[in-house]
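One structure is given here, and the rest of the page talks about it.
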Amino acid sequence: MPEAPVVGVPKGALEHRPMPAYAGPHPRVMKRPPEYFPFPITIGEIGPVETLFAGPSSYPFYCGENEVTNRQPLVDNQGGEGVPVFALDEKGQKTGEIIGYSRDCSHSTQVTYFYRSTNDGDFHPLEEANGDIDQVTVNGEVTDFVVRLETGTINRFFYAVAALRGEGESAGRPSASNWNRRLIYQLRGGVGIGRRQGDISKGDIVSRRADQLARGYAIVYSTANQTSNHYNIWLAEDTAWRLKRQFTALYGEPLYTVGLGGSGGAIQQYLFAQNAPGLLDAAIPLYSYPDMVSQTIYVFDCEPLEYYFDVVEADNPRWRDAAERTAIQGLSASSDATSRFHTLKLAASLFDGRYRDGTEGATECTQGWRGLVPLVNNPNFVHFIKNFADDVARKTHWSHWEDLRQFYGADATGYANSAWDNEGVQYGLEALVSGNISVDTFLEINATIGGWKPQQDQGDEKLWFLNGDVFPARLSVWSEQNMNLGNLDRPAKRSRASREAIEGIYRSGHVFLGDVEIPMIDLRHYLDRDLDMHHSSASFSARERIRRARGHADNQLIWVSHRNYTPLDEALDTMDRWMQNIIENPGAGVAANRPVDASDQCFDSEGNILAAGPDVWNGVWNSQATGECMQEYPIYSTPRQVAGAPISGDVFKCALQPVERALAKAIYAPYTDEIAARIEDMERIFPSGVCNYNQPDLARPQEDLIPGDSPVKIAGQLIEPDYRRSVDRLAKEKLEEEKAQPVSVTLPGGQGASH
């Protein structure tokens with residue numbers, strides 16, 4: 001138990017009342033209110049607590065640690081709300097005496113100087129220097145490698161500003177003399193559901209960005225921009241604008257701001273570029289995904305499929321080879337990998353025969369995503385629950401949906417709506433069509449897998465390795481107690497999402513629609529063979545969304561490297577030349593200003609470019625001959641793609657068509673006749689029909705959320721939007737053609753049917 005858990009919340013914070021989903025304008029066209037806070041925050045003062053436009057603060061909220069200053073949060077109430085704050089003794093150590101409580105976790109702004117030592121290459125407080133200060137060359141001048149690190153809080157989250165110490169500066173009056181006029185906005189990843197501030201340390205910004213600091217870049221970062229703390233993109237953006245105001249008030253306007261960060265940090269870059277042009281001028285997303293919400297579409301398929309392989313089909317030798325599961329899951333798998341749950345399953349097998357399956361290898365589903373589905377989806381489970389008093393923990397709904405309830409809305413039960421839907425999804429469809437599975441297997445999978453129970457019906461997790469329960473007899477790695485499961489005689493009920501919730505999350509800007517103008521270098525190590533969750537196909541999902549929205553993706557480069565080499569310096573240098581071109585010739589736009597040698601490419605373990613050019617990433621995903629980089633670093637798919645969904649990965653609620661119509665269109669060929677012979681089984685499994693992925697997401701708002709008729713500000717220059725063709729018009733023509741097709745099929749026994 002932590003010494004300072006959250007012991008109370010403001011009155012009414014946990015009433016969980018029903019509320020509608022967000023129905024306002026998309027952030028791209030929403031005017032932000034004027035700033036009222038007088039930046040800069042000076043040393044000893046605290047930053048704003050309430051957000052500018054992201055909405056009221058949510059509670060409970062757990063205070064993190066500022067490991068730079070080692071100070072407690074400031075007292076802001078005596079009513080027992082938040083965490084207790086303790087008196088200090090004469091040595092500055094905390095006593096057991098509570099002097100008040102901190103509901104909002106504020107810290108006063110402080111400045112610390114660190115130097116890099118020539119002795120060990122690490123950073124130490126400047127007062128410890130003893131003739132071992134390293135030196136760097138910036139702006140043509142040699143200077144001491146001394147970094148000014150400022151920390152404090154903005155919007156309840158820690159912030160940090162780091163830059164080389166300038167000539168003649170003081171802690172309160174920094175000098176920009178050793179700044180190269182380029183600002184890196186650092187963003188970080190993780191899977192978070194809100195309710196905590198996060199921690200900050202010297203290593204988070206000074207050590208992590210040492211190479212860039214040495215080159216004269218300034219760095220800003222906030223724990224509000226670390227998705228392990230939350231996924232509210234409004235809150236992330238609100239804080240980012242304010243942190244940039246703090247920076248410019250201290251150092252002046254940068255030549256440009258480039259985003260840099262991985263996973264959830266990459267998601268924020270894609271969504272900032274879409275929702276808030278001008279916040280970032282350029283982006284280098286690492287290990288990217290297009291957005292968090294559309295990841296849930298396929299990730300939530302993982303455990304039901306694993307349960308099918310591990311338990312329902314435990315006697316089938318094919319599925320004991322984990323590599324075979326890719327046929328259904330789409331994601332990477334390996335027969336040779338050692339499952340990170342191997343020892344755990346051995347222990348559990350002493351009590352539960354389900355864990356004696358003898359599976360060889362592992363899948364991305366288990367290695368990358370296991371444990372994260374309940375974190376996102378189960379309102380009763382969170383891995384940091386011990387940071388909250390029992391009564392507070394019991395009353396809180398712990399889920400991603402709840403964290404963003406202002407956008408998803410909440411139903412009559414008071415639980416936030418979910419956007420996850422698998423109604424009509426035909427798991428393994430492509431495997432059936434290719435002959436990789438039989439009709440019997442196809443039917444059995446789809447009859448077994450229903451979906452996830454509604455929020456109010458979910459029970460506790462049995463993941464004892466996460467929640468502290470140490471008796472493996474209760475273990476459930478699949479969370480099957482929260483699934484709808486069935487069989488061929490009684491097919492499982494599928495999950496039907498709240499359409500209002502999906503519309504709300506689209507409108508709120510949490511889904512990447514592809515409408516981005518700024519230059520982007522999407523950079524990643526190739527980790528697919530490692531079964532890492534950061535699979536490379538996600539970059540191409542983003543590309544397809546950009547192409548669909550704008551008619552091209554010339555402002556996005558995809559770079560993939562062997563895991564032993566990181567071409568970040570090359571990316572920063574390429575981006576700098578690109579930005580200089582835009583600044584010098586803004587009328588040419590973004591794509592035309594791309595350096596002539598800047599293109600898609602891939603790298604080997606030594607940093608050599610294996611191939612470069614516009615065709616190197618072609619492949620099945622875009623119906624082109626396989627390019628050189630794609631041959632070296634092939635991409636995988638997802639369970640939804642195997643079920644027929646597009647690589648864009650953004651269909652939350654598919655359009656449904658009767659099974660007879662699907663048969664008439666021969667989507668099961670060459671197994672159409674066999675499926676027709678099992679029409680009764682199909683109609684019991686899919687009583688409302690099967691997905692028609694030739695039509696767009698039914699829950700996506702039909703109006704144009706981003707009109708795209710306004711210039712975008714990049715590095716202070718107004719850039720006209722670059723649309724090459726009307727993709728929406730072409731999509732509508734395809735839809736009309738789809739509607740016009742005649743449909744008829746002869747059912748067993750000669751009975752005709754049409755719809």
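Here, A, B, ... name the chains of the structure tokens in the order displayed, residue numbers run from 1 inside each chain, and ligands are numbered from 1 in the same displayed order.
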**Report entry** Residues within 12 Å of Ser332 (chain A), only C-alpha atoms, excluding chain neighbours under 2 positions, as an MDAnalysis selection string
**Finding:** chainID A and resid 322:330 334:335 337 361:368 527:537 634:639
Selection file, N, CA and C atoms, as a compact mmCIF listing (two decimals), in the first residue's frame:
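Heads up, here's the output in part26.txt:
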```
# COMPACT_ATOMS: atom_id res chain seq x y z
N ALA A 322 1.77 -22.34 -32.52
CA ALA A 322 1.29 -20.95 -32.47
C ALA A 322 1.37 -20.27 -33.82
N ALA A 323 2.34 -20.65 -34.64
CA ALA A 323 2.49 -20.01 -35.95
C ALA A 323 1.26 -20.21 -36.82
N GLU A 324 0.54 -21.32 -36.62
CA GLU A 324 -0.65 -21.59 -37.42
C GLU A 324 -1.77 -20.60 -37.13
N ARG A 325 -1.73 -19.96 -35.98
CA ARG A 325 -2.83 -19.08 -35.58
C ARG A 325 -2.87 -17.78 -36.41
N THR A 326 -1.76 -17.47 -37.06
CA THR A 326 -1.75 -16.29 -37.93
C THR A 326 -2.81 -16.40 -39.02
N ALA A 327 -3.14 -17.61 -39.42
CA ALA A 327 -4.15 -17.80 -40.47
C ALA A 327 -5.47 -17.14 -40.09
N ILE A 328 -5.79 -17.11 -38.80
CA ILE A 328 -7.05 -16.53 -38.32
C ILE A 328 -6.81 -15.14 -37.73
N GLN A 329 -5.72 -15.01 -36.96
CA GLN A 329 -5.48 -13.74 -36.26
C GLN A 329 -4.83 -12.69 -37.15
N GLY A 330 -4.17 -13.11 -38.20
CA GLY A 330 -3.51 -12.16 -39.08
C GLY A 330 -2.20 -11.66 -38.53
N SER A 334 4.93 -17.19 -33.95
CA SER A 334 6.14 -17.97 -34.17
C SER A 334 6.07 -19.28 -33.39
N SER A 335 6.52 -20.34 -34.01
CA SER A 335 6.60 -21.64 -33.33
C SER A 335 7.77 -21.69 -32.36
N ALA A 337 9.18 -18.97 -30.61
CA ALA A 337 9.22 -17.98 -29.53
C ALA A 337 8.84 -18.63 -28.20
N GLY A 361 5.46 -22.13 -29.04
CA GLY A 361 5.61 -20.78 -29.57
C GLY A 361 4.65 -19.81 -28.93
N ALA A 362 4.44 -18.68 -29.62
CA ALA A 362 3.59 -17.61 -29.09
C ALA A 362 3.09 -16.76 -30.24
N THR A 363 2.13 -15.91 -29.94
CA THR A 363 1.55 -15.00 -30.93
C THR A 363 1.72 -13.56 -30.46
N GLU A 364 1.56 -12.63 -31.39
CA GLU A 364 1.55 -11.22 -30.99
C GLU A 364 0.39 -10.94 -30.04
N CYS A 365 -0.71 -11.63 -30.23
CA CYS A 365 -1.85 -11.43 -29.34
C CYS A 365 -1.46 -11.63 -27.87
N THR A 366 -0.71 -12.72 -27.60
CA THR A 366 -0.35 -12.99 -26.22
C THR A 366 0.87 -12.20 -25.77
N GLN A 367 1.86 -12.08 -26.64
CA GLN A 367 3.09 -11.39 -26.24
C GLN A 367 2.89 -9.88 -26.15
N GLY A 368 2.04 -9.33 -27.02
CA GLY A 368 1.91 -7.89 -27.07
C GLY A 368 0.71 -7.32 -26.36
N LEU A 527 9.82 -5.00 -35.87
CA LEU A 527 9.66 -5.82 -34.68
C LEU A 527 8.63 -6.93 -34.87
N ASP A 528 8.14 -7.10 -36.09
CA ASP A 528 7.09 -8.09 -36.31
C ASP A 528 7.54 -9.50 -35.95
N ARG A 529 8.78 -9.83 -36.28
CA ARG A 529 9.25 -11.19 -35.98
C ARG A 529 9.48 -11.39 -34.49
N ASP A 530 9.54 -10.29 -33.73
CA ASP A 530 9.67 -10.38 -32.27
C ASP A 530 8.32 -10.49 -31.58
N LEU A 531 7.25 -10.50 -32.38
CA LEU A 531 5.87 -10.56 -31.86
C LEU A 531 5.55 -9.35 -30.99
N ASP A 532 6.22 -8.25 -31.29
CA ASP A 532 6.00 -7.00 -30.56
C ASP A 532 4.68 -6.38 -31.01
N MET A 533 4.00 -5.71 -30.09
CA MET A 533 2.72 -5.07 -30.44
C MET A 533 2.88 -3.98 -31.48
N HIS A 534 4.08 -3.44 -31.63
CA HIS A 534 4.28 -2.34 -32.58
C HIS A 534 4.57 -2.89 -33.98
N HIS A 535 3.55 -3.48 -34.56
CA HIS A 535 3.71 -4.11 -35.87
C HIS A 535 3.73 -3.05 -36.97
N SER A 536 4.46 -3.33 -38.02
CA SER A 536 4.72 -2.31 -39.04
C SER A 536 3.52 -2.03 -39.93
N SER A 537 2.53 -2.91 -39.98
CA SER A 537 1.38 -2.62 -40.84
C SER A 537 0.63 -1.38 -40.38
N PRO A 634 8.46 -7.74 -44.32
CA PRO A 634 7.06 -7.94 -44.69
C PRO A 634 6.10 -7.60 -43.55
N ILE A 635 4.94 -7.09 -43.93
CA ILE A 635 3.94 -6.75 -42.92
C ILE A 635 2.94 -7.88 -42.77
N TYR A 636 2.28 -7.89 -41.61
CA TYR A 636 1.22 -8.84 -41.33
C TYR A 636 -0.11 -8.09 -41.32
N SER A 637 -1.17 -8.77 -40.94
CA SER A 637 -2.47 -8.10 -40.93
C SER A 637 -3.07 -8.19 -39.53
N THR A 638 -4.38 -8.21 -39.43
CA THR A 638 -5.09 -8.28 -38.15
C THR A 638 -6.26 -9.24 -38.30
N PRO A 639 -6.90 -9.64 -37.18
CA PRO A 639 -8.07 -10.51 -37.30
C PRO A 639 -9.18 -9.90 -38.15
```
Give me the residues of region 104-212 of chain A that have any atom at most 12 Å from an atom of region 42-58 of chain A; for each, the nearest atom pair and the distance in Å, rounded to one decimal. Use only C-alpha atoms, sort by chain and number, and format it as JSON lines.
```
{"residue": "A:Asp104", "atom": "CA", "partner": "A:Val49", "partner_atom": "CA", "distance": 7.1}
{"residue": "A:Cys105", "atom": "CA", "partner": "A:Val49", "partner_atom": "CA", "distance": 9.0}
{"residue": "A:Ser106", "atom": "CA", "partner": "A:Ile46", "partner_atom": "CA", "distance": 6.7}
{"residue": "A:His107", "atom": "CA", "partner": "A:Ile46", "partner_atom": "CA", "distance": 6.1}
{"residue": "A:Ser108", "atom": "CA", "partner": "A:Ile46", "partner_atom": "CA", "distance": 4.5}
{"residue": "A:Thr109", "atom": "CA", "partner": "A:Ile43", "partner_atom": "CA", "distance": 4.9}
{"residue": "A:Gln110", "atom": "CA", "partner": "A:Ile43", "partner_atom": "CA", "distance": 5.4}
{"residue": "A:Val111", "atom": "CA", "partner": "A:Ile43", "partner_atom": "CA", "distance": 7.2}
{"residue": "A:Thr112", "atom": "CA", "partner": "A:Ile43", "partner_atom": "CA", "distance": 10.9}
{"residue": "A:Leu149", "atom": "CA", "partner": "A:Ile43", "partner_atom": "CA", "distance": 12.0}
{"residue": "A:Glu150", "atom": "CA", "partner": "A:Ile43", "partner_atom": "CA", "distance": 8.8}
{"residue": "A:Thr151", "atom": "CA", "partner": "A:Ile43", "partner_atom": "CA", "distance": 9.4}
{"residue": "A:Gly152", "atom": "CA", "partner": "A:Ile46", "partner_atom": "CA", "distance": 6.9}
{"residue": "A:Thr153", "atom": "CA", "partner": "A:Gly47", "partner_atom": "CA", "distance": 5.5}
{"residue": "A:Ile154", "atom": "CA", "partner": "A:Gly47", "partner_atom": "CA", "distance": 4.9}
{"residue": "A:Asn155", "atom": "CA", "partner": "A:Val49", "partner_atom": "CA", "distance": 4.5}
{"residue": "A:Arg156", "atom": "CA", "partner": "A:Val49", "partner_atom": "CA", "distance": 5.3}
{"residue": "A:Phe157", "atom": "CA", "partner": "A:Val49", "partner_atom": "CA", "distance": 8.7}
{"residue": "A:Phe158", "atom": "CA", "partner": "A:Gly47", "partner_atom": "CA", "distance": 9.8}
{"residue": "A:Tyr159", "atom": "CA", "partner": "A:Gly47", "partner_atom": "CA", "distance": 9.6}
{"residue": "A:Ser170", "atom": "CA", "partner": "A:Ile43", "partner_atom": "CA", "distance": 11.3}
{"residue": "A:Ala171", "atom": "CA", "partner": "A:Ile43", "partner_atom": "CA", "distance": 8.3}
{"residue": "A:Gly172", "atom": "CA", "partner": "A:Ile43", "partner_atom": "CA", "distance": 6.5}
{"residue": "A:Arg173", "atom": "CA", "partner": "A:Thr42", "partner_atom": "CA", "distance": 9.5}
{"residue": "A:Pro174", "atom": "CA", "partner": "A:Thr42", "partner_atom": "CA", "distance": 11.4}
{"residue": "A:Ile193", "atom": "CA", "partner": "A:Ser58", "partner_atom": "CA", "distance": 11.6}
{"residue": "A:Gly194", "atom": "CA", "partner": "A:Ser58", "partner_atom": "CA", "distance": 8.6}
{"residue": "A:Arg195", "atom": "CA", "partner": "A:Ser58", "partner_atom": "CA", "distance": 7.4}
{"residue": "A:Arg196", "atom": "CA", "partner": "A:Ser58", "partner_atom": "CA", "distance": 10.0}
{"residue": "A:Gln197", "atom": "CA", "partner": "A:Ser58", "partner_atom": "CA", "distance": 11.5}
```
If you keep N, CA, C and O atoms, can you produce a file of those selected residues as a compact mmCIF listing (two decimals), in the first residue's frame?
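Saved result, selection33.txt, follows:
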```txt
# COMPACT_ATOMS: atom_id res chain seq x y z
N ASP A 104 -5.27 18.17 -6.54
CA ASP A 104 -4.88 18.45 -7.92
C ASP A 104 -3.39 18.31 -8.18
O ASP A 104 -2.93 18.60 -9.29
N CYS A 105 -2.63 17.90 -7.18
CA CYS A 105 -1.23 17.48 -7.38
C CYS A 105 -0.32 18.59 -7.93
O CYS A 105 0.60 18.32 -8.70
N SER A 106 -0.56 19.84 -7.57
CA SER A 106 0.25 20.94 -8.08
C SER A 106 1.64 20.96 -7.47
O SER A 106 1.83 20.60 -6.30
N HIS A 107 2.60 21.38 -8.29
CA HIS A 107 3.98 21.62 -7.84
C HIS A 107 4.38 23.00 -8.32
O HIS A 107 4.01 23.41 -9.43
N SER A 108 5.14 23.70 -7.52
CA SER A 108 5.65 25.00 -7.97
C SER A 108 6.78 24.78 -8.97
O SER A 108 7.48 23.76 -8.94
N THR A 109 6.91 25.73 -9.88
CA THR A 109 7.95 25.65 -10.90
C THR A 109 9.33 25.80 -10.26
O THR A 109 9.55 26.69 -9.43
N GLN A 110 10.25 24.92 -10.64
CA GLN A 110 11.62 24.93 -10.12
C GLN A 110 12.58 24.73 -11.28
O GLN A 110 12.22 24.14 -12.31
N VAL A 111 13.81 25.19 -11.11
CA VAL A 111 14.85 25.03 -12.13
C VAL A 111 16.05 24.33 -11.52
O VAL A 111 16.49 24.68 -10.42
N THR A 112 16.55 23.34 -12.23
CA THR A 112 17.75 22.61 -11.82
C THR A 112 18.71 22.56 -13.00
O THR A 112 18.27 22.38 -14.14
N LEU A 149 17.00 22.62 -16.72
CA LEU A 149 15.80 21.80 -16.69
C LEU A 149 14.78 22.45 -15.76
O LEU A 149 15.02 22.58 -14.56
N GLU A 150 13.67 22.85 -16.33
CA GLU A 150 12.59 23.47 -15.57
C GLU A 150 11.45 22.49 -15.44
O GLU A 150 11.05 21.86 -16.43
N THR A 151 10.91 22.32 -14.24
CA THR A 151 9.75 21.45 -14.02
C THR A 151 8.70 22.17 -13.21
O THR A 151 8.99 23.08 -12.43
N GLY A 152 7.48 21.77 -13.39
CA GLY A 152 6.35 22.32 -12.65
C GLY A 152 5.10 21.57 -13.07
O GLY A 152 5.19 20.44 -13.57
N THR A 153 3.93 22.16 -12.91
CA THR A 153 2.70 21.52 -13.34
C THR A 153 1.85 22.49 -14.17
O THR A 153 1.78 23.68 -13.89
N ILE A 154 1.23 21.94 -15.19
CA ILE A 154 0.25 22.62 -16.03
C ILE A 154 -0.90 21.66 -16.24
O ILE A 154 -0.68 20.50 -16.61
N ASN A 155 -2.13 22.11 -15.99
CA ASN A 155 -3.31 21.24 -16.12
C ASN A 155 -3.20 19.99 -15.25
O ASN A 155 -3.63 18.90 -15.64
N ARG A 156 -2.57 20.13 -14.10
CA ARG A 156 -2.38 19.08 -13.10
C ARG A 156 -1.27 18.08 -13.46
O ARG A 156 -0.96 17.21 -12.64
N PHE A 157 -0.68 18.19 -14.62
CA PHE A 157 0.37 17.25 -15.02
C PHE A 157 1.74 17.93 -14.95
O PHE A 157 1.86 19.14 -15.13
N PHE A 158 2.75 17.11 -14.71
CA PHE A 158 4.12 17.63 -14.71
C PHE A 158 4.50 18.11 -16.10
O PHE A 158 4.11 17.51 -17.11
N TYR A 159 5.25 19.18 -16.16
CA TYR A 159 5.85 19.60 -17.43
C TYR A 159 7.35 19.77 -17.23
O TYR A 159 7.85 19.91 -16.11
N SER A 170 20.41 33.38 -15.84
CA SER A 170 20.12 32.95 -14.48
C SER A 170 18.96 31.98 -14.55
O SER A 170 18.29 31.86 -15.58
N ALA A 171 18.70 31.30 -13.44
CA ALA A 171 17.62 30.31 -13.45
C ALA A 171 16.29 30.94 -13.86
O ALA A 171 15.51 30.36 -14.61
N GLY A 172 16.04 32.16 -13.39
CA GLY A 172 14.78 32.82 -13.69
C GLY A 172 14.76 33.55 -15.01
O GLY A 172 13.69 33.92 -15.51
N ARG A 173 15.93 33.78 -15.61
CA ARG A 173 16.02 34.49 -16.89
C ARG A 173 16.92 33.71 -17.84
O ARG A 173 18.10 34.02 -17.99
N PRO A 174 16.36 32.67 -18.47
CA PRO A 174 17.19 31.86 -19.37
C PRO A 174 17.58 32.63 -20.62
O PRO A 174 16.87 33.54 -21.06
N ILE A 193 -5.66 4.80 -18.75
CA ILE A 193 -7.10 5.01 -18.62
C ILE A 193 -7.40 6.19 -17.69
O ILE A 193 -8.47 6.27 -17.09
N GLY A 194 -6.44 7.10 -17.57
CA GLY A 194 -6.64 8.27 -16.73
C GLY A 194 -6.42 7.99 -15.27
O GLY A 194 -5.87 6.96 -14.87
N ARG A 195 -6.78 8.95 -14.45
CA ARG A 195 -6.78 8.84 -12.99
C ARG A 195 -5.40 8.99 -12.37
O ARG A 195 -5.25 8.76 -11.17
N ARG A 196 -4.37 9.35 -13.13
CA ARG A 196 -3.07 9.54 -12.50
C ARG A 196 -2.24 10.57 -13.25
O ARG A 196 -2.37 10.76 -14.45
N GLN A 197 -1.38 11.23 -12.47
CA GLN A 197 -0.55 12.32 -12.98
C GLN A 197 0.68 11.83 -13.72
O GLN A 197 1.12 12.47 -14.67
```
Query - 8 Å contact set for Gly689 (chain A), only C-alpha atoms, chain neighbours under 6 positions out, as a ChimeraX atom specification - result: /A:424,656-659,683
**Report entry** Pairwise distance for CA of Gln624 (chain A) and CA of Tyr270 (chain A), rounded to one decimal in Å
**Finding:** 25.8 Å
Query raised in the report: In Å, with one decimal, what is the gap from CA of Thr95 (chain A) to CA of Gly79 (chain A)?
Result: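 Interatomic distance here is 19.9 Å.
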Report task. Excluding region 273-277 of chain A and any residue of its chain fewer than 3 positions from it, enumerate the residues within 8 Å of it, using only C-alpha atoms, and give them as an NGL selection string. Result -> :A and (26-28 or 237 or 269-270 or 280-281 or 509 or 512-518 or 712-714)
Store the residues picked out above, limited to N, CA and C atoms, as a compact mmCIF listing (two decimals), in the first residue's frame.
```txt
# COMPACT_ATOMS: atom_id res chain seq x y z
N HIS A 26 -16.03 18.91 -34.97
CA HIS A 26 -14.72 18.27 -34.92
C HIS A 26 -13.69 19.30 -34.46
N PRO A 27 -12.69 18.89 -33.68
CA PRO A 27 -11.68 19.85 -33.21
C PRO A 27 -11.01 20.64 -34.33
N ARG A 28 -10.93 20.06 -35.53
CA ARG A 28 -10.29 20.77 -36.64
C ARG A 28 -11.02 22.07 -36.96
N GLU A 237 -3.84 17.92 -26.05
CA GLU A 237 -3.64 19.11 -26.88
C GLU A 237 -3.69 20.39 -26.04
N GLN A 269 0.90 12.61 -32.29
CA GLN A 269 1.37 13.42 -33.41
C GLN A 269 0.40 13.37 -34.59
N TYR A 270 -0.10 12.18 -34.91
CA TYR A 270 -1.06 12.07 -36.00
C TYR A 270 -2.33 12.86 -35.69
N LEU A 280 2.01 21.42 -33.99
CA LEU A 280 3.25 20.84 -34.49
C LEU A 280 3.42 21.26 -35.94
N ASP A 281 4.64 21.60 -36.31
CA ASP A 281 4.93 21.95 -37.70
C ASP A 281 5.41 20.76 -38.50
N GLY A 509 -12.48 13.85 -32.62
CA GLY A 509 -11.11 13.89 -33.12
C GLY A 509 -10.22 12.81 -32.57
N PHE A 512 -8.23 8.89 -36.25
CA PHE A 512 -7.43 9.49 -37.31
C PHE A 512 -8.13 9.30 -38.64
N LEU A 513 -8.53 10.42 -39.25
CA LEU A 513 -9.24 10.39 -40.53
C LEU A 513 -8.30 10.53 -41.72
N GLY A 514 -7.04 10.87 -41.46
CA GLY A 514 -6.05 10.97 -42.53
C GLY A 514 -5.83 12.36 -43.06
N ASP A 515 -6.56 13.35 -42.56
CA ASP A 515 -6.46 14.70 -43.13
C ASP A 515 -5.35 15.48 -42.43
N VAL A 516 -4.12 15.27 -42.89
CA VAL A 516 -2.95 15.95 -42.31
C VAL A 516 -2.11 16.54 -43.42
N GLU A 517 -1.59 17.72 -43.18
CA GLU A 517 -0.82 18.43 -44.19
C GLU A 517 0.67 18.47 -43.88
N ILE A 518 1.04 18.42 -42.60
CA ILE A 518 2.42 18.65 -42.21
C ILE A 518 3.34 17.52 -42.68
N VAL A 712 -3.36 25.86 -43.76
CA VAL A 712 -2.78 25.29 -42.55
C VAL A 712 -1.50 26.05 -42.24
N LYS A 713 -1.33 26.42 -40.96
CA LYS A 713 -0.13 27.16 -40.58
C LYS A 713 0.99 26.18 -40.26
N ILE A 714 2.10 26.31 -40.98
CA ILE A 714 3.29 25.48 -40.76
C ILE A 714 4.49 26.41 -40.65
```
Query raised in the report: Please, which residues of region 375-518 of chain A, numbered as in this document, come out alpha helix (DSSP H) from DSSP, as JSON, numbers by chain?
Result: {"A": [375, 376, 377, 390, 391, 392, 393, 394, 395, 400, 401, 402, 403, 405, 406, 407, 408, 429, 430, 431, 432, 433, 439, 440, 441, 442, 443, 444, 445, 446, 447, 448, 464, 465, 466, 467, 499, 500, 501, 502, 503, 504, 505, 506, 507]}
Query raised in the report: What separation in Å, quoted to one decimal, exists between CA of Gly264 (chain A) and CA of Gln226 (chain A)?
Result: 7.1 Å
Query raised in the report: Taking the backbone alone, and naming residues the way the document does, which bits of region 244-318 of chain A are strand (DSSP E or B) by DSSP, as a list in words?
Result: Tyr256, Thr257, Val258, Gly259, Leu260, Gly261, Gly262, Ala282, Ala283, Ile284, Pro285 and Leu286 of chain A
Those same residues - N, CA and C atoms - I'd like them written as a PDB file, in the first residue's frame.
```pdb
ATOM      1  N   TYR A 256      10.651  26.201 -35.910  1.00  0.00           N
ATOM      2  CA  TYR A 256       9.579  25.231 -36.084  1.00  0.00           C
ATOM      3  C   TYR A 256       9.578  24.287 -34.892  1.00  0.00           C
ATOM      4  N   THR A 257       8.444  23.597 -34.713  1.00  0.00           N
ATOM      5  CA  THR A 257       8.297  22.589 -33.663  1.00  0.00           C
ATOM      6  C   THR A 257       8.078  21.242 -34.322  1.00  0.00           C
ATOM      7  N   VAL A 258       8.914  20.269 -33.958  1.00  0.00           N
ATOM      8  CA  VAL A 258       8.772  18.927 -34.502  1.00  0.00           C
ATOM      9  C   VAL A 258       8.381  17.974 -33.378  1.00  0.00           C
ATOM     10  N   GLY A 259       7.340  17.174 -33.608  1.00  0.00           N
ATOM     11  CA  GLY A 259       6.958  16.159 -32.645  1.00  0.00           C
ATOM     12  C   GLY A 259       7.891  14.970 -32.733  1.00  0.00           C
ATOM     13  N   LEU A 260       8.121  14.327 -31.591  1.00  0.00           N
ATOM     14  CA  LEU A 260       8.985  13.150 -31.548  1.00  0.00           C
ATOM     15  C   LEU A 260       8.513  12.251 -30.414  1.00  0.00           C
ATOM     16  N   GLY A 261       8.214  11.010 -30.747  1.00  0.00           N
ATOM     17  CA  GLY A 261       7.789  10.089 -29.707  1.00  0.00           C
ATOM     18  C   GLY A 261       7.174   8.844 -30.302  1.00  0.00           C
ATOM     19  N   GLY A 262       7.132   7.788 -29.491  1.00  0.00           N
ATOM     20  CA  GLY A 262       6.728   6.492 -29.997  1.00  0.00           C
ATOM     21  C   GLY A 262       5.417   5.978 -29.460  1.00  0.00           C
ATOM     22  N   ALA A 282       5.902  19.748 -37.807  1.00  0.00           N
ATOM     23  CA  ALA A 282       6.432  18.541 -38.434  1.00  0.00           C
ATOM     24  C   ALA A 282       6.316  17.417 -37.417  1.00  0.00           C
ATOM     25  N   ALA A 283       6.392  16.174 -37.889  1.00  0.00           N
ATOM     26  CA  ALA A 283       6.199  15.048 -36.986  1.00  0.00           C
ATOM     27  C   ALA A 283       7.124  13.902 -37.351  1.00  0.00           C
ATOM     28  N   ILE A 284       7.689  13.286 -36.315  1.00  0.00           N
ATOM     29  CA  ILE A 284       8.461  12.050 -36.483  1.00  0.00           C
ATOM     30  C   ILE A 284       7.859  11.018 -35.531  1.00  0.00           C
ATOM     31  N   PRO A 285       6.743  10.409 -35.937  1.00  0.00           N
ATOM     32  CA  PRO A 285       6.136   9.377 -35.101  1.00  0.00           C
ATOM     33  C   PRO A 285       6.947   8.079 -35.153  1.00  0.00           C
ATOM     34  N   LEU A 286       7.217   7.516 -33.994  1.00  0.00           N
ATOM     35  CA  LEU A 286       7.981   6.274 -33.873  1.00  0.00           C
ATOM     36  C   LEU A 286       7.030   5.150 -33.458  1.00  0.00           C
TER      37      LEU A 286
END
```
Query raised in the report: Between A:Phe39, A:Asp403, A:Glu606, A:Ile679, which one has atoms that come closest to Arg242 (chain A), using only C-alpha atoms?
Result: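 Looking only at the distances to Arg242 (chain A), the closest residue turns out to be A:Phe39.
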Requested in this report: Would you mind listing what lies within 9 Å of Glu500 (chain A) as a VMD selection string, with only C-alpha atoms counted and same-chain residues fewer than 5 positions away left out?
Outcome: chain A and resid 20 to 23 408 to 409 417 419 505 699
